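Report on the following structure.
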Amino acid sequence: MNKVNVDNSSIGEGVGEPGVSGASGEASGGWDDGLIARRVAEKGADSDLDGVGDLSGVPGMHGMHGVQGLTGGQEGGGAAPGESGAHTPIGGMYEGPLRRRLDALGELLGLSRARLDGSLLAEAGRVLDEASARQRLSAQHTVVAIAGATGSGKSTLFNALAGVPISETGLRRPTTSAPIACMWSDGAAGLLDRLAIPGRLRRRPLAGGDGDDQLQGLVLVDLPDHDSAMVHHREQVDRVLALVDAVIWVVDPEKYADAALHERYLRPLAGHAEITFVVLNQIDRLPGESADLVLDDLRRLLDEDGMALGEHGEPGATVLALSALSGQGVGELRELLGRFVQERSAPARRLSADVDAAALRLRSAYVAKGRPGLGERSREQFADRLAWAVGAVAAGEAAEREWLRNAGRACGTPWLRLWRWYESRRMPGYKPPRPPAVVEEELTARQRVEQAVRTVAEEASAGLPAPWANSVREAAARGARGLSEALDELAVKAAAPGGRPPRPAWWPAAVLAQAVMTLLQIFGGLWLVGQIVGVLPPGLIPPVLVMLAGIIGGPLVEWACSAAARGPARRYGQDAERRLREAAAGCGRARVLDPIAAELMRYREVREQYVAVSRAGR
């Protein structure tokens with residue numbers, strides 16, 4: 001029977017002389033995880049602790065900058081004193097796609113903090129916390145948990161892999177009441193501190209034990225039963241499973257299809273297939289080919305859970321059958337574990353799977369249906385609705401009529417202007433009627449404005465995830481406050497009398513022609529009067545013709561001027577309508593469209609970060 005070394009690096013904290021390493025370090029001849037080793041390591045490891053950067057400022061982070069403390073802080077590898085480069089740097093940077101995904105996840109949380117509920121972002125924040133914490137611990141170790149149901153034989157398998165009886169086995173249930181760890185090399189105290197496994201529950205096989213070279217860097221943790229009747233045991237299982245680098249699920253022929261196992265663990269952790277081992281234990285109890293049949297059914301259940309199986313060279317979960325009691329298949333599992341541990345990629349795989357799971361949970365908050373946004377058509381329709389509400393069309397028509405009236409006054413016959421002057425003198429205070437102000441019952445038809453804002457907000461938020469759709473609507477609602485009043489002011493300014501409308505170049509010629517017609521009328525009349533009184537020789541036809549030319553020519557000039565004035569009057573009205581329309585559109589754009597566009601831009605930014613989180617590693 002092999003003996004067991006107890007890792008005293010944590011038991012003796014504060015006991016004995018300062019700086020004395022634990023017993024395990026003395027037995028193996030290497031540095032243990034004591035205070036002296038850490039102080040030396042800190043000098044060479046500080047530059048390697050940047051990884052994903054300072055994540056404490058990211059929403060959801062809790063300011064984890066590494067696991068510190070007397071026994072579980074920043075520790076080194078197991079190099080012997082006197083060697084060149086006696087301490088291996090701890091942790092290391094996350095590189096490549098994983099680094100980019102972590103950076104994108106941090107940016108995503110920062111951009112979403114004010115828009116999404118904190119509980120929705122909590123899991124992603126926890127992933128960043130654990131990424132920072134795991135990075136600052138040993139990258140030369142792989143923490144593998146053995147989990148299973150009551151009576152599945154996980155403690156027996158734990159002892160079989162360790163080669164020594166470490167975890168208690170027996171008929172009494174539950175047998176394992178707390179996580180027990182076995183380490184095959186020094187330097188893992190920080191990892192176990194993170195798992196809250198006390199020093200009295202940390203074990204080491206004797207150097208030279210079975211599989212020592214093959215399993216260098218392995219930290220094996222035996223967990224309580226996941227279906228234990230004691231709530232505290234189940235809570236410990238859930239806590240440790242969220243922190244380890246890989247998991248060995250031990251099932252037995254009786255409970256391999258247990259719904260509690262598949263629904264609570266295997267199905268939610270299907271995305272972690274590459275760091276999952278599923279072991280069918282106790283095959284020595286199955287007669288003939290029954291073990292193969294049960295194993296095939298287990299693979300079927302895992303496939304239904306959505307867990308990829310690592311067969312034919314494909315990445316996925318490792319499934320095998322063994323008997324921990326008889327030792328059948330244990331050697332194969334030890335060999336698979338050895339290759340898995342020596343790859344040193346389990347922590348990154350675990351973290352990548354955690355990022356995938358967090359991205360999947362956040363999908364509904366970032367992935368839109370269709371192509372949401374504020375198109376040009378929606379902008380134009382919003383401007384048209386505001387123009388209609390502010391009365392831009394009616395204002396243009398009123399300006400056109402005003403221009404035509406001015407043209408009529410300027411190019412009309414003198415007798416008509418004399419008559420208007422007479423009427424104004426005869427009735428003191430008389431003023432020609434002005435057209436009514438270009439308004440409805442309210443200056444800007446408030447209901448039309450509110451409807452326009454609601455419509456453009458609904459069009460802009462169509463297809464957006466609910467949190468971002470609500471943000472767009474809230475931005476539109478905030479901008480709508482005071483919009484009606486601002487449009488009221490525009491309508492009042494449009495209705496107020498302005499300066500004299502511009503006159504076309506042909507107006508002086510028309511006024512001159514009208515004056516000539518008037519002079520012809522006066523000259524013809526004086527000619528007739530002179531013939532009547534005998535001053536001029538008689539001749540009725542010439543003066544009559546002159547008078548008729550003036551009398552008929554005046555209205556003809558006025559009619560021609562009114563016909564010629566229709567085009568400029570229409571353009572003048574259109575200009576007035578355009579100015580009011582542009583003013584209303586500018587007001588609506590500044591108060592409503594720009595805030596909506598800002599929210600949509602923020603959504604596009606977070607969507608880009610989400611795509612980077614969910615796809616960068618694929």
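For the structure tokens, the naming scheme is as follows: chains receive sequential letters (A, B, ...) according to their order of presentation, residues are indexed from 1 within each chain, and ligands are indexed from 1 in presentation order.
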Considering only C-alpha atoms, tabulate each residue of segment 326-410 of chain A that lies at most 12 Å from segment 579-598 of chain A along with its nearest interatomic pair and the corresponding distance in Å to one decimal; arrange the rows by chain and ascending residue number and present them as CSV.
```
residue,atom,partner,partner_atom,distance
A:Pro372,CA,A:Ala597,CA,11.4
A:Gly373,CA,A:Ala597,CA,8.2
A:Leu374,CA,A:Ala597,CA,7.3
A:Gly375,CA,A:Ala597,CA,10.3
A:Glu376,CA,A:Leu593,CA,11.3
A:Ser378,CA,A:Leu593,CA,10.1
A:Arg379,CA,A:Leu593,CA,7.8
A:Glu380,CA,A:Ala585,CA,8.8
A:Gln381,CA,A:Ala585,CA,10.2
A:Phe382,CA,A:Ala585,CA,7.9
A:Ala383,CA,A:Ala585,CA,5.0
A:Asp384,CA,A:Arg581,CA,7.8
A:Arg385,CA,A:Ala585,CA,9.3
A:Leu386,CA,A:Ala584,CA,6.2
A:Ala387,CA,A:Arg581,CA,5.0
A:Trp388,CA,A:Arg581,CA,8.5
A:Ala389,CA,A:Ala584,CA,9.2
A:Val390,CA,A:Ala584,CA,7.2
A:Gly391,CA,A:Leu580,CA,8.4
A:Ala392,CA,A:Leu580,CA,5.6
A:Val393,CA,A:Arg581,CA,8.4
A:Ala394,CA,A:Leu580,CA,10.4
A:Ala395,CA,A:Leu580,CA,8.0
A:Gly396,CA,A:Leu580,CA,8.6
A:Ala399,CA,A:Leu580,CA,11.6
```
Save the residues we just selected, N, CA, C and O atoms, as an mmCIF file, in the first residue's frame?
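Writing the result to part34.cif gives the following:
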```cif
data_model
loop_
_atom_site.group_PDB
_atom_site.id
_atom_site.type_symbol
_atom_site.label_atom_id
_atom_site.label_comp_id
_atom_site.auth_asym_id
_atom_site.auth_seq_id
_atom_site.Cartn_x
_atom_site.Cartn_y
_atom_site.Cartn_z
ATOM 1 N N PRO A 372 -33.208 46.101 -38.251
ATOM 2 C CA PRO A 372 -33.833 47.300 -37.661
ATOM 3 C C PRO A 372 -33.021 48.551 -37.966
ATOM 4 O O PRO A 372 -31.811 48.485 -38.218
ATOM 5 N N GLY A 373 -33.686 49.664 -37.913
ATOM 6 C CA GLY A 373 -33.003 50.929 -38.161
ATOM 7 C C GLY A 373 -33.984 51.990 -38.615
ATOM 8 O O GLY A 373 -35.190 51.745 -38.755
ATOM 9 N N LEU A 374 -33.476 53.166 -38.845
ATOM 10 C CA LEU A 374 -34.281 54.309 -39.261
ATOM 11 C C LEU A 374 -33.909 54.629 -40.698
ATOM 12 O O LEU A 374 -32.896 55.275 -40.962
ATOM 13 N N GLY A 375 -34.741 54.158 -41.635
ATOM 14 C CA GLY A 375 -34.457 54.353 -43.045
ATOM 15 C C GLY A 375 -34.831 55.739 -43.528
ATOM 16 O O GLY A 375 -35.496 56.528 -42.836
ATOM 17 N N GLU A 376 -34.412 56.052 -44.753
ATOM 18 C CA GLU A 376 -34.702 57.362 -45.332
ATOM 19 C C GLU A 376 -36.196 57.567 -45.495
ATOM 20 O O GLU A 376 -36.702 58.673 -45.324
ATOM 21 N N SER A 378 -38.606 56.393 -43.607
ATOM 22 C CA SER A 378 -39.186 56.733 -42.301
ATOM 23 C C SER A 378 -38.887 58.177 -41.934
ATOM 24 O O SER A 378 -39.749 58.880 -41.385
ATOM 25 N N ARG A 379 -37.688 58.647 -42.232
ATOM 26 C CA ARG A 379 -37.347 60.041 -41.945
ATOM 27 C C ARG A 379 -38.225 60.993 -42.754
ATOM 28 O O ARG A 379 -38.720 62.002 -42.221
ATOM 29 N N GLU A 380 -38.393 60.684 -44.029
ATOM 30 C CA GLU A 380 -39.216 61.560 -44.878
ATOM 31 C C GLU A 380 -40.674 61.571 -44.417
ATOM 32 O O GLU A 380 -41.309 62.629 -44.393
ATOM 33 N N GLN A 381 -41.194 60.414 -44.066
ATOM 34 C CA GLN A 381 -42.576 60.363 -43.605
ATOM 35 C C GLN A 381 -42.743 61.112 -42.288
ATOM 36 O O GLN A 381 -43.778 61.780 -42.077
ATOM 37 N N PHE A 382 -41.754 61.032 -41.418
ATOM 38 C CA PHE A 382 -41.819 61.790 -40.170
ATOM 39 C C PHE A 382 -41.814 63.286 -40.455
ATOM 40 O O PHE A 382 -42.598 64.053 -39.852
ATOM 41 N N ALA A 383 -40.964 63.733 -41.371
ATOM 42 C CA ALA A 383 -40.931 65.147 -41.745
ATOM 43 C C ALA A 383 -42.254 65.572 -42.370
ATOM 44 O O ALA A 383 -42.747 66.688 -42.100
ATOM 45 N N ASP A 384 -42.863 64.711 -43.181
ATOM 46 C CA ASP A 384 -44.158 65.047 -43.793
ATOM 47 C C ASP A 384 -45.236 65.194 -42.735
ATOM 48 O O ASP A 384 -46.086 66.104 -42.819
ATOM 49 N N ARG A 385 -45.219 64.314 -41.743
ATOM 50 C CA ARG A 385 -46.235 64.391 -40.687
ATOM 51 C C ARG A 385 -46.070 65.673 -39.872
ATOM 52 O O ARG A 385 -47.070 66.328 -39.521
ATOM 53 N N LEU A 386 -44.845 66.034 -39.558
ATOM 54 C CA LEU A 386 -44.636 67.283 -38.826
ATOM 55 C C LEU A 386 -45.018 68.487 -39.671
ATOM 56 O O LEU A 386 -45.593 69.459 -39.158
ATOM 57 N N ALA A 387 -44.703 68.441 -40.965
ATOM 58 C CA ALA A 387 -45.070 69.549 -41.852
ATOM 59 C C ALA A 387 -46.581 69.696 -41.925
ATOM 60 O O ALA A 387 -47.111 70.821 -41.943
ATOM 61 N N TRP A 388 -47.270 68.572 -41.970
ATOM 62 C CA TRP A 388 -48.733 68.649 -42.003
ATOM 63 C C TRP A 388 -49.271 69.193 -40.692
ATOM 64 O O TRP A 388 -50.223 69.992 -40.677
ATOM 65 N N ALA A 389 -48.658 68.760 -39.572
ATOM 66 C CA ALA A 389 -49.120 69.232 -38.268
ATOM 67 C C ALA A 389 -48.874 70.723 -38.097
ATOM 68 O O ALA A 389 -49.700 71.434 -37.516
ATOM 69 N N VAL A 390 -47.738 71.216 -38.596
ATOM 70 C CA VAL A 390 -47.423 72.631 -38.428
ATOM 71 C C VAL A 390 -48.124 73.500 -39.461
ATOM 72 O O VAL A 390 -48.100 74.734 -39.367
ATOM 73 N N GLY A 391 -48.762 72.881 -40.452
ATOM 74 C CA GLY A 391 -49.504 73.652 -41.464
ATOM 75 C C GLY A 391 -48.628 74.228 -42.544
ATOM 76 O O GLY A 391 -48.886 75.342 -43.019
ATOM 77 N N ALA A 392 -47.596 73.491 -42.945
ATOM 78 C CA ALA A 392 -46.684 74.018 -43.959
ATOM 79 C C ALA A 392 -47.384 74.194 -45.307
ATOM 80 O O ALA A 392 -47.145 75.184 -46.016
ATOM 81 N N VAL A 393 -48.250 73.264 -45.678
ATOM 82 C CA VAL A 393 -48.960 73.352 -46.964
ATOM 83 C C VAL A 393 -49.879 74.565 -46.976
ATOM 84 O O VAL A 393 -49.905 75.357 -47.939
ATOM 85 N N ALA A 394 -50.639 74.728 -45.905
ATOM 86 C CA ALA A 394 -51.554 75.873 -45.836
ATOM 87 C C ALA A 394 -50.775 77.183 -45.808
ATOM 88 O O ALA A 394 -51.208 78.186 -46.400
ATOM 89 N N ALA A 395 -49.609 77.191 -45.138
ATOM 90 C CA ALA A 395 -48.796 78.407 -45.110
ATOM 91 C C ALA A 395 -48.296 78.755 -46.500
ATOM 92 O O ALA A 395 -48.259 79.936 -46.890
ATOM 93 N N GLY A 396 -47.915 77.749 -47.287
ATOM 94 C CA GLY A 396 -47.488 78.010 -48.662
ATOM 95 C C GLY A 396 -48.621 78.554 -49.515
ATOM 96 O O GLY A 396 -48.408 79.468 -50.321
ATOM 97 N N ALA A 399 -49.173 82.178 -48.586
ATOM 98 C CA ALA A 399 -48.135 83.036 -49.150
ATOM 99 C C ALA A 399 -48.360 83.256 -50.641
ATOM 100 O O ALA A 399 -48.137 84.363 -51.163
#
```
Original post:
Could you pull out the helix (DSSP H, G or I) residues of segment 339-394 of chain A from DSSP and send them as number ranges by chain?
Top reply: A: 339-342, 346-366, 376-390, 392-394
**OP:** Do a neighbour search on Ala358 of chain A at 8 Å with only C-alpha atoms, toss out local chain neighbours closer than 2 positions, and write the hits as a PyMOL selection string.
**Re:** chain A and resi 123-124+127+354-356+360-362
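Nearest to Glu577 of chain A of all the residues A:Pro315, A:Glu397, A:Val546, A:Ser614 is A:Glu397, counting only C-alpha atoms.
For segment 101-105 of chain A, the set of protein, DNA and RNA residues having any atom at most 6 Å away, when counting only C-alpha atoms and skipping those fewer than 3 positions along the same chain, is A:Leu98, A:Leu108, A:Gln609, A:Val613.
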Restricting it to N, CA, C and O atoms, dump the selection as a compact mmCIF listing (two decimals), in the first residue's frame.
```
# COMPACT_ATOMS: atom_id res chain seq x y z
N LEU A 98 -9.33 33.87 -27.85
CA LEU A 98 -9.88 33.98 -26.50
C LEU A 98 -9.64 35.36 -25.93
O LEU A 98 -10.54 35.95 -25.29
N LEU A 108 -18.62 44.89 -24.24
CA LEU A 108 -20.05 44.66 -24.33
C LEU A 108 -20.76 45.02 -23.03
O LEU A 108 -21.78 45.71 -23.03
N GLN A 609 -19.80 44.07 -30.79
CA GLN A 609 -19.06 43.43 -29.71
C GLN A 609 -19.63 42.05 -29.41
O GLN A 609 -18.88 41.11 -29.13
N VAL A 613 -17.78 38.46 -29.45
CA VAL A 613 -17.80 37.53 -28.33
C VAL A 613 -18.24 36.14 -28.78
O VAL A 613 -17.66 35.12 -28.40
```
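Closest approach to Leu600 of chain A from the set A:Leu215, A:Ala368, A:Val231, A:Leu121 is made by A:Ala368, with distances taken over only C-alpha atoms.
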Subject >> Interatomic distance, atom CA of Gly148 of chain A to atom CA of Asp213 of chain A (Å, one decimal) >> reply: 27.0 Å
Original post:
Can you list, as a list in words, every protein, DNA or RNA residue that comes within 12 Å of Glu332 of chain A when you count only C-alpha atoms, leaving out same-chain residues fewer than 2 positions away?
Top reply: Leu161, Gly211, Val279, Thr318, Val319, Leu320, Ala321, Leu322, Ser323, Ala324, Gly327, Gln328, Gly329, Val330, Arg334, Glu335, Leu336, Leu337, Gly338 and Arg339 of chain A
File of the preceding selection, all heavy atoms, as a compact mmCIF listing (two decimals), in the first residue's frame:
```txt
# COMPACT_ATOMS: atom_id res chain seq x y z
N LEU A 161 -7.33 6.22 -9.36
CA LEU A 161 -6.47 7.10 -10.15
C LEU A 161 -5.28 7.57 -9.33
O LEU A 161 -4.16 7.72 -9.84
CB LEU A 161 -7.28 8.30 -10.65
CG LEU A 161 -8.33 8.02 -11.73
CD1 LEU A 161 -9.17 9.26 -12.00
CD2 LEU A 161 -7.65 7.57 -13.02
N GLY A 211 1.84 6.39 -12.06
CA GLY A 211 1.32 7.47 -12.89
C GLY A 211 1.83 8.83 -12.55
O GLY A 211 1.34 9.81 -13.06
N VAL A 279 -17.90 8.73 -17.54
CA VAL A 279 -17.38 7.39 -17.28
C VAL A 279 -18.50 6.50 -16.77
O VAL A 279 -19.16 6.83 -15.77
CB VAL A 279 -16.24 7.45 -16.24
CG1 VAL A 279 -15.79 6.06 -15.85
CG2 VAL A 279 -15.07 8.26 -16.79
N THR A 318 -15.42 12.86 -23.79
CA THR A 318 -14.82 11.52 -23.80
C THR A 318 -15.72 10.58 -23.01
O THR A 318 -16.03 10.84 -21.84
CB THR A 318 -13.42 11.54 -23.18
OG1 THR A 318 -12.59 12.44 -23.92
CG2 THR A 318 -12.80 10.16 -23.18
N VAL A 319 -16.17 9.49 -23.64
CA VAL A 319 -17.08 8.52 -23.01
C VAL A 319 -16.38 7.17 -23.00
O VAL A 319 -15.91 6.69 -24.04
CB VAL A 319 -18.42 8.45 -23.77
CG1 VAL A 319 -19.38 7.50 -23.05
CG2 VAL A 319 -19.04 9.83 -23.90
N LEU A 320 -16.31 6.55 -21.83
CA LEU A 320 -15.71 5.23 -21.75
C LEU A 320 -16.30 4.48 -20.57
O LEU A 320 -16.93 5.07 -19.68
CB LEU A 320 -14.19 5.31 -21.63
CG LEU A 320 -13.58 5.85 -20.33
CD1 LEU A 320 -12.15 5.36 -20.22
CD2 LEU A 320 -13.62 7.37 -20.30
N ALA A 321 -16.08 3.15 -20.58
CA ALA A 321 -16.58 2.29 -19.52
C ALA A 321 -15.39 1.71 -18.76
O ALA A 321 -14.33 1.44 -19.32
CB ALA A 321 -17.43 1.17 -20.10
N LEU A 322 -15.60 1.52 -17.45
CA LEU A 322 -14.54 0.95 -16.62
C LEU A 322 -15.14 0.39 -15.34
O LEU A 322 -16.33 0.54 -15.06
CB LEU A 322 -13.48 2.01 -16.29
CG LEU A 322 -13.92 3.34 -15.69
CD1 LEU A 322 -14.22 3.23 -14.20
CD2 LEU A 322 -12.85 4.41 -15.89
N SER A 323 -14.28 -0.22 -14.58
CA SER A 323 -14.64 -0.69 -13.25
C SER A 323 -13.56 -0.22 -12.28
O SER A 323 -12.43 -0.70 -12.31
CB SER A 323 -14.76 -2.22 -13.21
OG SER A 323 -14.93 -2.66 -11.87
N ALA A 324 -13.90 0.77 -11.48
CA ALA A 324 -12.92 1.31 -10.55
C ALA A 324 -12.53 0.27 -9.50
O ALA A 324 -11.40 0.28 -8.99
CB ALA A 324 -13.47 2.56 -9.87
N GLY A 327 -10.36 -2.37 -11.52
CA GLY A 327 -9.26 -1.75 -12.24
C GLY A 327 -9.42 -1.82 -13.74
O GLY A 327 -8.58 -1.26 -14.48
N GLN A 328 -10.47 -2.48 -14.24
CA GLN A 328 -10.67 -2.60 -15.69
C GLN A 328 -10.96 -1.22 -16.28
O GLN A 328 -11.90 -0.54 -15.88
CB GLN A 328 -11.84 -3.55 -15.97
CG GLN A 328 -12.15 -3.71 -17.45
CD GLN A 328 -13.37 -4.60 -17.68
OE1 GLN A 328 -13.92 -5.16 -16.73
NE2 GLN A 328 -13.78 -4.73 -18.92
N GLY A 329 -10.18 -0.77 -17.26
CA GLY A 329 -10.39 0.51 -17.93
C GLY A 329 -9.80 1.70 -17.22
O GLY A 329 -9.77 2.80 -17.77
N VAL A 330 -9.33 1.53 -15.97
CA VAL A 330 -8.77 2.66 -15.22
C VAL A 330 -7.47 3.14 -15.88
O VAL A 330 -7.19 4.34 -15.95
CB VAL A 330 -8.53 2.27 -13.76
CG1 VAL A 330 -7.83 3.41 -13.01
CG2 VAL A 330 -9.85 1.95 -13.07
N ARG A 334 -6.53 6.84 -17.09
CA ARG A 334 -5.34 7.54 -16.62
C ARG A 334 -4.51 8.04 -17.81
O ARG A 334 -3.98 9.15 -17.79
CB ARG A 334 -4.50 6.61 -15.74
CG ARG A 334 -3.24 7.28 -15.21
CD ARG A 334 -2.40 6.35 -14.38
NE ARG A 334 -2.98 6.13 -13.06
CZ ARG A 334 -3.52 4.97 -12.65
NH1 ARG A 334 -3.55 3.95 -13.48
NH2 ARG A 334 -4.02 4.85 -11.45
N GLU A 335 -4.43 7.23 -18.85
CA GLU A 335 -3.67 7.64 -20.04
C GLU A 335 -4.34 8.84 -20.72
O GLU A 335 -3.66 9.79 -21.12
CB GLU A 335 -3.57 6.48 -21.01
CG GLU A 335 -2.77 6.79 -22.27
CD GLU A 335 -2.70 5.60 -23.21
OE1 GLU A 335 -3.13 4.49 -22.81
OE2 GLU A 335 -2.23 5.78 -24.35
N LEU A 336 -5.67 8.80 -20.85
CA LEU A 336 -6.40 9.92 -21.45
C LEU A 336 -6.23 11.18 -20.61
O LEU A 336 -6.02 12.28 -21.15
CB LEU A 336 -7.88 9.58 -21.60
CG LEU A 336 -8.23 8.49 -22.62
CD1 LEU A 336 -9.71 8.13 -22.51
CD2 LEU A 336 -7.91 8.98 -24.02
N LEU A 337 -6.31 11.02 -19.28
CA LEU A 337 -6.13 12.18 -18.41
C LEU A 337 -4.72 12.73 -18.54
O LEU A 337 -4.52 13.96 -18.53
CB LEU A 337 -6.40 11.79 -16.96
CG LEU A 337 -7.83 11.87 -16.45
CD1 LEU A 337 -7.91 11.38 -15.02
CD2 LEU A 337 -8.36 13.29 -16.56
N GLY A 338 -3.73 11.86 -18.65
CA GLY A 338 -2.35 12.32 -18.78
C GLY A 338 -2.16 13.17 -20.03
O GLY A 338 -1.54 14.25 -19.97
N ARG A 339 -2.68 12.70 -21.16
CA ARG A 339 -2.56 13.50 -22.39
C ARG A 339 -3.33 14.81 -22.26
O ARG A 339 -2.87 15.87 -22.71
CB ARG A 339 -3.09 12.70 -23.59
CG ARG A 339 -2.21 11.53 -23.97
CD ARG A 339 -2.47 11.11 -25.41
NE ARG A 339 -3.85 10.69 -25.60
CZ ARG A 339 -4.26 9.42 -25.54
NH1 ARG A 339 -3.40 8.45 -25.25
NH2 ARG A 339 -5.52 9.13 -25.75
```
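With distances restricted to only C-alpha atoms, A:Gly316 is the closest residue to Leu302 of chain A from A:Gly153, A:Gly118, A:Gly316, A:Pro287.
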**OP:** Just list the residues in segment 243-387 of chain A DSSP gives strand (DSSP E or B) on the backbone, as a PyMOL selection string.
**Re:** chain A and resi 246-251+276-280+309+317-321
File dump, residues just selected, N, CA, C and O atoms, as a PDB file, in the first residue's frame:
```pdb
ATOM      1  N   ALA A 246     -11.950  20.986 -15.668  1.00  0.00           N
ATOM      2  CA  ALA A 246     -12.578  19.864 -16.367  1.00  0.00           C
ATOM      3  C   ALA A 246     -13.347  19.035 -15.354  1.00  0.00           C
ATOM      4  O   ALA A 246     -13.159  19.168 -14.135  1.00  0.00           O
ATOM      5  N   VAL A 247     -14.214  18.136 -15.859  1.00  0.00           N
ATOM      6  CA  VAL A 247     -15.069  17.332 -14.988  1.00  0.00           C
ATOM      7  C   VAL A 247     -15.091  15.897 -15.499  1.00  0.00           C
ATOM      8  O   VAL A 247     -15.208  15.660 -16.711  1.00  0.00           O
ATOM      9  N   ILE A 248     -14.992  14.964 -14.575  1.00  0.00           N
ATOM     10  CA  ILE A 248     -15.235  13.555 -14.872  1.00  0.00           C
ATOM     11  C   ILE A 248     -16.564  13.179 -14.221  1.00  0.00           C
ATOM     12  O   ILE A 248     -16.673  13.182 -12.978  1.00  0.00           O
ATOM     13  N   TRP A 249     -17.563  12.883 -15.037  1.00  0.00           N
ATOM     14  CA  TRP A 249     -18.865  12.465 -14.515  1.00  0.00           C
ATOM     15  C   TRP A 249     -18.860  10.944 -14.414  1.00  0.00           C
ATOM     16  O   TRP A 249     -18.654  10.249 -15.408  1.00  0.00           O
ATOM     17  N   VAL A 250     -19.108  10.454 -13.215  1.00  0.00           N
ATOM     18  CA  VAL A 250     -19.133   9.011 -12.974  1.00  0.00           C
ATOM     19  C   VAL A 250     -20.592   8.576 -12.843  1.00  0.00           C
ATOM     20  O   VAL A 250     -21.327   9.088 -11.992  1.00  0.00           O
ATOM     21  N   VAL A 251     -20.999   7.661 -13.723  1.00  0.00           N
ATOM     22  CA  VAL A 251     -22.367   7.129 -13.686  1.00  0.00           C
ATOM     23  C   VAL A 251     -22.286   5.615 -13.535  1.00  0.00           C
ATOM     24  O   VAL A 251     -21.267   4.994 -13.835  1.00  0.00           O
ATOM     25  N   THR A 276     -15.108  17.565 -20.735  1.00  0.00           N
ATOM     26  CA  THR A 276     -15.987  16.661 -20.003  1.00  0.00           C
ATOM     27  C   THR A 276     -15.615  15.210 -20.298  1.00  0.00           C
ATOM     28  O   THR A 276     -15.431  14.825 -21.457  1.00  0.00           O
ATOM     29  N   PHE A 277     -15.502  14.429 -19.246  1.00  0.00           N
ATOM     30  CA  PHE A 277     -15.348  12.975 -19.339  1.00  0.00           C
ATOM     31  C   PHE A 277     -16.599  12.354 -18.722  1.00  0.00           C
ATOM     32  O   PHE A 277     -16.995  12.740 -17.611  1.00  0.00           O
ATOM     33  N   VAL A 278     -17.210  11.412 -19.402  1.00  0.00           N
ATOM     34  CA  VAL A 278     -18.357  10.683 -18.857  1.00  0.00           C
ATOM     35  C   VAL A 278     -17.943   9.217 -18.763  1.00  0.00           C
ATOM     36  O   VAL A 278     -17.670   8.566 -19.785  1.00  0.00           O
ATOM     37  N   VAL A 279     -17.902   8.727 -17.537  1.00  0.00           N
ATOM     38  CA  VAL A 279     -17.376   7.388 -17.276  1.00  0.00           C
ATOM     39  C   VAL A 279     -18.502   6.503 -16.770  1.00  0.00           C
ATOM     40  O   VAL A 279     -19.165   6.835 -15.767  1.00  0.00           O
ATOM     41  N   LEU A 280     -18.733   5.400 -17.465  1.00  0.00           N
ATOM     42  CA  LEU A 280     -19.693   4.392 -16.990  1.00  0.00           C
ATOM     43  C   LEU A 280     -18.939   3.426 -16.087  1.00  0.00           C
ATOM     44  O   LEU A 280     -18.131   2.610 -16.539  1.00  0.00           O
ATOM     45  N   LEU A 309     -19.843  14.383 -28.872  1.00  0.00           N
ATOM     46  CA  LEU A 309     -19.023  13.269 -28.416  1.00  0.00           C
ATOM     47  C   LEU A 309     -17.707  13.260 -29.180  1.00  0.00           C
ATOM     48  O   LEU A 309     -17.688  13.400 -30.413  1.00  0.00           O
ATOM     49  N   ALA A 317     -16.936  15.353 -25.825  1.00  0.00           N
ATOM     50  CA  ALA A 317     -16.798  14.659 -24.553  1.00  0.00           C
ATOM     51  C   ALA A 317     -16.194  13.272 -24.767  1.00  0.00           C
ATOM     52  O   ALA A 317     -16.441  12.611 -25.775  1.00  0.00           O
ATOM     53  N   THR A 318     -15.421  12.855 -23.788  1.00  0.00           N
ATOM     54  CA  THR A 318     -14.820  11.518 -23.799  1.00  0.00           C
ATOM     55  C   THR A 318     -15.724  10.579 -23.011  1.00  0.00           C
ATOM     56  O   THR A 318     -16.031  10.840 -21.840  1.00  0.00           O
ATOM     57  N   VAL A 319     -16.169   9.493 -23.635  1.00  0.00           N
ATOM     58  CA  VAL A 319     -17.076   8.523 -23.007  1.00  0.00           C
ATOM     59  C   VAL A 319     -16.381   7.168 -22.996  1.00  0.00           C
ATOM     60  O   VAL A 319     -15.911   6.691 -24.043  1.00  0.00           O
ATOM     61  N   LEU A 320     -16.309   6.553 -21.831  1.00  0.00           N
ATOM     62  CA  LEU A 320     -15.712   5.226 -21.747  1.00  0.00           C
ATOM     63  C   LEU A 320     -16.299   4.479 -20.569  1.00  0.00           C
ATOM     64  O   LEU A 320     -16.933   5.074 -19.677  1.00  0.00           O
ATOM     65  N   ALA A 321     -16.076   3.153 -20.579  1.00  0.00           N
ATOM     66  CA  ALA A 321     -16.578   2.288 -19.517  1.00  0.00           C
ATOM     67  C   ALA A 321     -15.395   1.708 -18.756  1.00  0.00           C
ATOM     68  O   ALA A 321     -14.332   1.436 -19.324  1.00  0.00           O
TER      69      ALA A 321
END
```
Compile the contact shell of Ala348 of chain A as a compact mmCIF listing (two decimals) with C-alpha atoms, in the first residue's frame: residues with an atom at most 10 Å away, counting only C-alpha atoms, same-chain residues fewer than 4 positions apart removed.
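Result written to part-v1.txt:
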```
# COMPACT_ATOMS: atom_id res chain seq x y z
CA TYR A 94 -4.88 34.80 -22.74
CA GLU A 95 -3.90 34.98 -26.37
CA LEU A 98 -9.88 33.98 -26.50
CA ARG A 99 -8.16 37.27 -25.65
CA ALA A 131 -11.03 34.71 -16.20
CA ARG A 134 -7.77 31.84 -13.09
CA GLN A 135 -5.20 33.74 -15.16
CA ALA A 139 -1.09 27.53 -15.84
CA ASP A 245 -10.97 23.21 -15.49
CA ARG A 344 -2.18 22.57 -20.71
CA SER A 352 -13.99 29.67 -23.90
CA ALA A 353 -16.98 27.42 -23.18
CA ASP A 354 -18.05 29.76 -20.37
```
